[in-house]
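Visitor: My structure is below; once you've seen it, I'll send some questions.
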Amino acid sequence: MLTHTERWMKAAVLEVQEYVLLLGHIVRAAVTAPFYRRDVVMQFEAIGIGSLTVVSLTGFFTGAALALQTGQTLDRFGARTLVGQLVSASMIRELGPVLTALMLAGRVGSGIAAELGSMAVTDQINALRTLGTDPLRKLVIPRVLATTMMAPVLTVIADTFAIIAGWIISVTNLGVGSSTYWTQVQEGLYLGDAWQGIVKPFVLGFVIGTIGCHVGLRTRGGTQGVGRSTTNAVVVASVLVIAVDFFLTPVLMRVLY
């Protein structure tokens, strides 16, 4: 008789195994026909344009708060003019990719899990198989491609809004000259920072898309199961975003710098 801990560990290992198998199927299906281009375009629009507002607002207010807090701290050392460097470097290297990914995990990851979960419990996925359509190619690939490709675009938008918000706060609240702020933004960035801010969102977007699809496809238990899957998708994707970012950062720093 297995104990509660042993059952939990067995279930966790099974979930990891099923997730790894799904990744293998996704990679194979992404490079072989047939392709559902219309579904891919629809998901690009739903995930990219649909997330534009929340990502822009998140970036703007994060940049404003970051400029306000760092400006007060830098005052102690007489280095208030360096606020542009701190805002740009912090957002592009770390905060931009992570915060954008967390917003996508909450909005997109949950949506994918709920949509696929509803289809799973109502046998719509089995109906697709009956009609000769591969659910992986029809449902999973478009969503994973959309999250993977749109995450970097949304991250750049969030970074842009954050730097603009930092400029507004620096000029209006901190008394930093406009030209000084933009000069410091440029001086505080290196090519490796830009690459780091672009590579991370690709990986994090892939994680969000695959987790949402994995949890959604394994939904059981009717409408209550859909609710559990939605919650699990957000929690797991958010934790993995932070964990993957932690392990990816030193690798990128070693490669890019």
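Residues in the structure tokens are numbered from 1 in each chain, the chains being A, B, ... in the order shown, and ligands are numbered from 1 in the order shown.
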How close does each residue of range 21-115 of chain A get to range 189-209 of chain A, giving the shortest atom pair and distance in Å to one decimal for every residue with an atom at most 12 Å away, counting only C-alpha atoms, sorted by chain and residue number, as JSON lines?
Guide:
```
{"residue": "A:Leu22", "atom": "CA", "partner": "A:Gly209", "partner_atom": "CA", "distance": 11.7}
{"residue": "A:Leu23", "atom": "CA", "partner": "A:Val207", "partner_atom": "CA", "distance": 10.0}
{"residue": "A:Ile26", "atom": "CA", "partner": "A:Phe206", "partner_atom": "CA", "distance": 10.8}
{"residue": "A:Val27", "atom": "CA", "partner": "A:Phe206", "partner_atom": "CA", "distance": 11.3}
{"residue": "A:Gln43", "atom": "CA", "partner": "A:Gly209", "partner_atom": "CA", "distance": 11.2}
{"residue": "A:Ile47", "atom": "CA", "partner": "A:Gly209", "partner_atom": "CA", "distance": 10.4}
{"residue": "A:Gly48", "atom": "CA", "partner": "A:Gly205", "partner_atom": "CA", "distance": 11.4}
{"residue": "A:Gly84", "atom": "CA", "partner": "A:Leu189", "partner_atom": "CA", "distance": 10.1}
{"residue": "A:Gln85", "atom": "CA", "partner": "A:Leu189", "partner_atom": "CA", "distance": 7.3}
{"residue": "A:Leu86", "atom": "CA", "partner": "A:Leu189", "partner_atom": "CA", "distance": 9.6}
{"residue": "A:Val87", "atom": "CA", "partner": "A:Leu189", "partner_atom": "CA", "distance": 10.3}
{"residue": "A:Ser88", "atom": "CA", "partner": "A:Leu189", "partner_atom": "CA", "distance": 7.2}
{"residue": "A:Ala89", "atom": "CA", "partner": "A:Leu189", "partner_atom": "CA", "distance": 6.1}
{"residue": "A:Ser90", "atom": "CA", "partner": "A:Asp193", "partner_atom": "CA", "distance": 9.6}
{"residue": "A:Met91", "atom": "CA", "partner": "A:Gly197", "partner_atom": "CA", "distance": 8.5}
{"residue": "A:Ile92", "atom": "CA", "partner": "A:Gly197", "partner_atom": "CA", "distance": 5.2}
{"residue": "A:Arg93", "atom": "CA", "partner": "A:Gly197", "partner_atom": "CA", "distance": 5.1}
{"residue": "A:Glu94", "atom": "CA", "partner": "A:Gly197", "partner_atom": "CA", "distance": 7.2}
{"residue": "A:Leu95", "atom": "CA", "partner": "A:Gly197", "partner_atom": "CA", "distance": 9.3}
{"residue": "A:Gly96", "atom": "CA", "partner": "A:Gly197", "partner_atom": "CA", "distance": 7.5}
{"residue": "A:Pro97", "atom": "CA", "partner": "A:Pro201", "partner_atom": "CA", "distance": 5.5}
{"residue": "A:Val98", "atom": "CA", "partner": "A:Pro201", "partner_atom": "CA", "distance": 7.9}
{"residue": "A:Leu99", "atom": "CA", "partner": "A:Pro201", "partner_atom": "CA", "distance": 10.2}
{"residue": "A:Thr100", "atom": "CA", "partner": "A:Pro201", "partner_atom": "CA", "distance": 8.2}
{"residue": "A:Ala101", "atom": "CA", "partner": "A:Leu204", "partner_atom": "CA", "distance": 6.3}
{"residue": "A:Leu102", "atom": "CA", "partner": "A:Ile208", "partner_atom": "CA", "distance": 8.9}
{"residue": "A:Met103", "atom": "CA", "partner": "A:Ile208", "partner_atom": "CA", "distance": 10.4}
{"residue": "A:Leu104", "atom": "CA", "partner": "A:Ile208", "partner_atom": "CA", "distance": 7.5}
{"residue": "A:Ala105", "atom": "CA", "partner": "A:Ile208", "partner_atom": "CA", "distance": 5.9}
{"residue": "A:Gly106", "atom": "CA", "partner": "A:Ile208", "partner_atom": "CA", "distance": 9.5}
{"residue": "A:Arg107", "atom": "CA", "partner": "A:Ile208", "partner_atom": "CA", "distance": 10.4}
{"residue": "A:Val108", "atom": "CA", "partner": "A:Gly209", "partner_atom": "CA", "distance": 8.0}
{"residue": "A:Gly109", "atom": "CA", "partner": "A:Ile208", "partner_atom": "CA", "distance": 5.9}
{"residue": "A:Ser110", "atom": "CA", "partner": "A:Ile208", "partner_atom": "CA", "distance": 9.4}
{"residue": "A:Gly111", "atom": "CA", "partner": "A:Gly209", "partner_atom": "CA", "distance": 10.3}
{"residue": "A:Ile112", "atom": "CA", "partner": "A:Gly209", "partner_atom": "CA", "distance": 7.7}
{"residue": "A:Ala113", "atom": "CA", "partner": "A:Gly209", "partner_atom": "CA", "distance": 9.3}
```
Visitor: So which residues touch Thr81 in chain A within 7 Å, counting only C-alpha atoms, skipping near sequence neighbours fewer than 4 positions away, as a list in words?
Guide: Val176, Thr180 and Tyr181 of chain A
Visitor: Keeping all heavy atoms, export the residues of the selection given above as a PDB file, in the first residue's frame.
Guide:
```pdb
ATOM      1  N   VAL A 176      15.710  65.061 -13.499  1.00  0.00           N
ATOM      2  CA  VAL A 176      16.783  64.651 -14.407  1.00  0.00           C
ATOM      3  C   VAL A 176      16.468  65.167 -15.810  1.00  0.00           C
ATOM      4  O   VAL A 176      15.333  65.046 -16.279  1.00  0.00           O
ATOM      5  CB  VAL A 176      16.933  63.113 -14.424  1.00  0.00           C
ATOM      6  CG1 VAL A 176      18.004  62.681 -15.427  1.00  0.00           C
ATOM      7  CG2 VAL A 176      17.264  62.607 -13.027  1.00  0.00           C
ATOM      8  N   THR A 180      19.915  63.793 -20.617  1.00  0.00           N
ATOM      9  CA  THR A 180      20.743  63.005 -19.694  1.00  0.00           C
ATOM     10  C   THR A 180      20.166  61.607 -19.516  1.00  0.00           C
ATOM     11  O   THR A 180      20.898  60.604 -19.519  1.00  0.00           O
ATOM     12  CB  THR A 180      20.832  63.698 -18.324  1.00  0.00           C
ATOM     13  OG1 THR A 180      21.388  64.997 -18.496  1.00  0.00           O
ATOM     14  CG2 THR A 180      21.691  62.898 -17.370  1.00  0.00           C
ATOM     15  N   TYR A 181      18.860  61.530 -19.364  1.00  0.00           N
ATOM     16  CA  TYR A 181      18.212  60.227 -19.170  1.00  0.00           C
ATOM     17  C   TYR A 181      18.458  59.318 -20.371  1.00  0.00           C
ATOM     18  O   TYR A 181      18.882  58.161 -20.215  1.00  0.00           O
ATOM     19  CB  TYR A 181      16.718  60.421 -18.953  1.00  0.00           C
ATOM     20  CG  TYR A 181      15.945  59.124 -18.828  1.00  0.00           C
ATOM     21  CD1 TYR A 181      15.847  58.473 -17.611  1.00  0.00           C
ATOM     22  CD2 TYR A 181      15.323  58.545 -19.941  1.00  0.00           C
ATOM     23  CE1 TYR A 181      15.153  57.281 -17.489  1.00  0.00           C
ATOM     24  CE2 TYR A 181      14.629  57.350 -19.835  1.00  0.00           C
ATOM     25  CZ  TYR A 181      14.534  56.728 -18.603  1.00  0.00           C
ATOM     26  OH  TYR A 181      13.851  55.548 -18.489  1.00  0.00           O
TER      27      TYR A 181
END
```
Visitor: Quick one: residues within 12 Å of Val215 in chain A, only C-alpha atoms counted, chain neighbours fewer than 2 positions away excluded, as a ChimeraX atom specification?
Guide: /A:15-16,18-19,22,109-118,120,140,208-213,217-220,225-237
Visitor: Just list as an MDAnalysis selection string whatever in range 94-243 of chain A DSSP marks as alpha helix (DSSP H).
Guide: chainID A and resid 96:104 110:121 124:130 135 141:172 178:187 191:217 222:243
Visitor: Would you put the residues from that selection into a file with C-alpha atoms, as a tab-separated table (two decimals), in the first residue's frame?
Guide:
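Contents of the output file again_16.tsv:
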```tsv
chain	number	residue	atom	x	y	z
A	96	GLY	CA	10.78	42.76	-18.96
A	97	PRO	CA	10.98	39.09	-19.98
A	98	VAL	CA	9.86	37.75	-16.59
A	99	LEU	CA	6.95	40.12	-16.01
A	100	THR	CA	5.71	39.69	-19.57
A	101	ALA	CA	5.90	35.92	-19.19
A	102	LEU	CA	4.01	36.04	-15.89
A	103	MET	CA	1.27	38.13	-17.51
A	104	LEU	CA	1.07	35.64	-20.36
A	110	SER	CA	-5.06	29.80	-18.20
A	111	GLY	CA	-7.02	30.41	-21.39
A	112	ILE	CA	-5.29	27.58	-23.24
A	113	ALA	CA	-5.84	25.16	-20.34
A	114	ALA	CA	-9.51	26.13	-19.99
A	115	GLU	CA	-10.20	25.89	-23.72
A	116	LEU	CA	-8.48	22.55	-24.26
A	117	GLY	CA	-9.80	21.26	-20.93
A	118	SER	CA	-13.37	22.03	-21.96
A	119	MET	CA	-12.82	20.26	-25.26
A	120	ALA	CA	-11.33	17.26	-23.46
A	121	VAL	CA	-14.18	16.76	-20.97
A	124	GLN	CA	-14.48	17.22	-28.73
A	125	ILE	CA	-10.86	16.10	-28.95
A	126	ASN	CA	-11.95	12.49	-29.46
A	127	ALA	CA	-14.34	13.74	-32.12
A	128	LEU	CA	-11.43	15.35	-33.97
A	129	ARG	CA	-9.57	12.04	-33.92
A	130	THR	CA	-12.67	10.29	-35.25
A	135	PRO	CA	-5.55	17.29	-32.24
A	141	ILE	CA	0.99	23.50	-32.42
A	142	PRO	CA	-0.77	26.83	-33.25
A	143	ARG	CA	-0.94	27.79	-29.57
A	144	VAL	CA	2.66	26.85	-28.81
A	145	LEU	CA	3.94	28.67	-31.89
A	146	ALA	CA	1.91	31.75	-30.98
A	147	THR	CA	3.15	31.94	-27.39
A	148	THR	CA	6.75	31.25	-28.45
A	149	MET	CA	6.83	33.84	-31.22
A	150	MET	CA	4.70	36.55	-29.63
A	151	ALA	CA	6.41	36.56	-26.21
A	152	PRO	CA	9.54	38.37	-27.54
A	153	VAL	CA	7.41	40.94	-29.37
A	154	LEU	CA	5.34	41.65	-26.27
A	155	THR	CA	8.51	41.83	-24.17
A	156	VAL	CA	9.99	44.50	-26.45
A	157	ILE	CA	6.74	46.47	-26.15
A	158	ALA	CA	6.78	46.15	-22.34
A	159	ASP	CA	10.44	47.27	-22.23
A	160	THR	CA	9.64	50.28	-24.43
A	161	PHE	CA	6.74	51.40	-22.25
A	162	ALA	CA	8.85	50.88	-19.12
A	163	ILE	CA	11.70	53.04	-20.40
A	164	ILE	CA	9.27	55.76	-21.51
A	165	ALA	CA	7.61	55.68	-18.07
A	166	GLY	CA	11.04	55.92	-16.45
A	167	TRP	CA	11.79	58.96	-18.59
A	168	ILE	CA	8.53	60.66	-17.58
A	169	ILE	CA	9.20	60.06	-13.87
A	170	SER	CA	12.83	61.13	-14.17
A	171	VAL	CA	11.93	64.41	-15.82
A	172	THR	CA	8.85	65.29	-13.79
A	178	SER	CA	15.65	64.49	-20.76
A	179	SER	CA	18.88	64.29	-22.76
A	180	THR	CA	20.74	63.01	-19.69
A	181	TYR	CA	18.21	60.23	-19.17
A	182	TRP	CA	18.36	58.98	-22.77
A	183	THR	CA	22.14	59.20	-22.81
A	184	GLN	CA	22.30	57.03	-19.70
A	185	VAL	CA	19.83	54.55	-21.23
A	186	GLN	CA	22.18	54.07	-24.18
A	187	GLU	CA	25.34	53.91	-22.10
A	191	LEU	CA	24.66	44.05	-27.10
A	192	GLY	CA	24.57	41.06	-24.75
A	193	ASP	CA	21.74	42.70	-22.79
A	194	ALA	CA	19.65	43.02	-25.93
A	195	TRP	CA	20.26	39.40	-26.91
A	196	GLN	CA	19.45	38.25	-23.39
A	197	GLY	CA	16.20	40.20	-23.46
A	198	ILE	CA	15.22	38.56	-26.75
A	199	VAL	CA	16.31	34.95	-26.15
A	200	LYS	CA	14.62	34.59	-22.76
A	201	PRO	CA	11.08	35.36	-23.99
A	202	PHE	CA	11.34	32.67	-26.68
A	203	VAL	CA	12.08	30.03	-24.05
A	204	LEU	CA	9.57	31.35	-21.52
A	205	GLY	CA	6.84	31.63	-24.15
A	206	PHE	CA	7.47	28.02	-25.19
A	207	VAL	CA	7.18	26.92	-21.56
A	208	ILE	CA	3.88	28.77	-21.08
A	209	GLY	CA	2.35	27.36	-24.27
A	210	THR	CA	3.40	23.77	-23.65
A	211	ILE	CA	2.32	23.79	-20.01
A	212	GLY	CA	-1.10	25.21	-20.88
A	213	CYS	CA	-1.61	22.59	-23.59
A	214	HIS	CA	-0.33	19.72	-21.42
A	215	VAL	CA	-2.59	20.59	-18.49
A	216	GLY	CA	-5.57	21.22	-20.75
A	217	LEU	CA	-5.28	17.94	-22.65
A	222	GLY	CA	-16.09	17.71	-15.94
A	223	THR	CA	-16.41	21.40	-15.21
A	224	GLN	CA	-14.67	21.06	-11.84
A	225	GLY	CA	-11.73	19.48	-13.61
A	226	VAL	CA	-11.57	22.43	-16.01
A	227	GLY	CA	-11.37	24.81	-13.06
A	228	ARG	CA	-8.58	22.78	-11.47
A	229	SER	CA	-6.68	22.62	-14.74
A	230	THR	CA	-6.93	26.38	-15.22
A	231	THR	CA	-5.55	27.02	-11.75
A	232	ASN	CA	-2.81	24.41	-12.15
A	233	ALA	CA	-1.75	25.83	-15.50
A	234	VAL	CA	-1.28	29.32	-14.07
A	235	VAL	CA	0.56	28.10	-10.96
A	236	VAL	CA	2.86	25.67	-12.74
A	237	ALA	CA	3.62	28.04	-15.62
A	238	SER	CA	4.37	30.94	-13.25
A	239	VAL	CA	6.71	28.85	-11.11
A	240	LEU	CA	8.46	27.42	-14.16
A	241	VAL	CA	8.89	30.89	-15.65
A	242	ILE	CA	10.83	32.01	-12.58
A	243	ALA	CA	12.76	28.74	-12.32
```
Visitor: Calculated over only C-alpha atoms, which of the candidates A:Arg7, A:Arg37, A:Arg28, A:Arg80 has the smallest distance to Leu139 in chain A?
Guide: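 Smallest separation from Leu139 in chain A among the options: A:Arg37.
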Visitor: Separation of CA of Val40 in chain A and CA of Leu136 in chain A, in Å?
Guide: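 Distance between the two atoms: 12.6 Å.
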Visitor: Find the distance between CA of Ala46 in chain A and CA of Ala29 in chain A and write it in Å to one decimal.
Guide: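 Between these atoms lies a distance of 21.7 Å.
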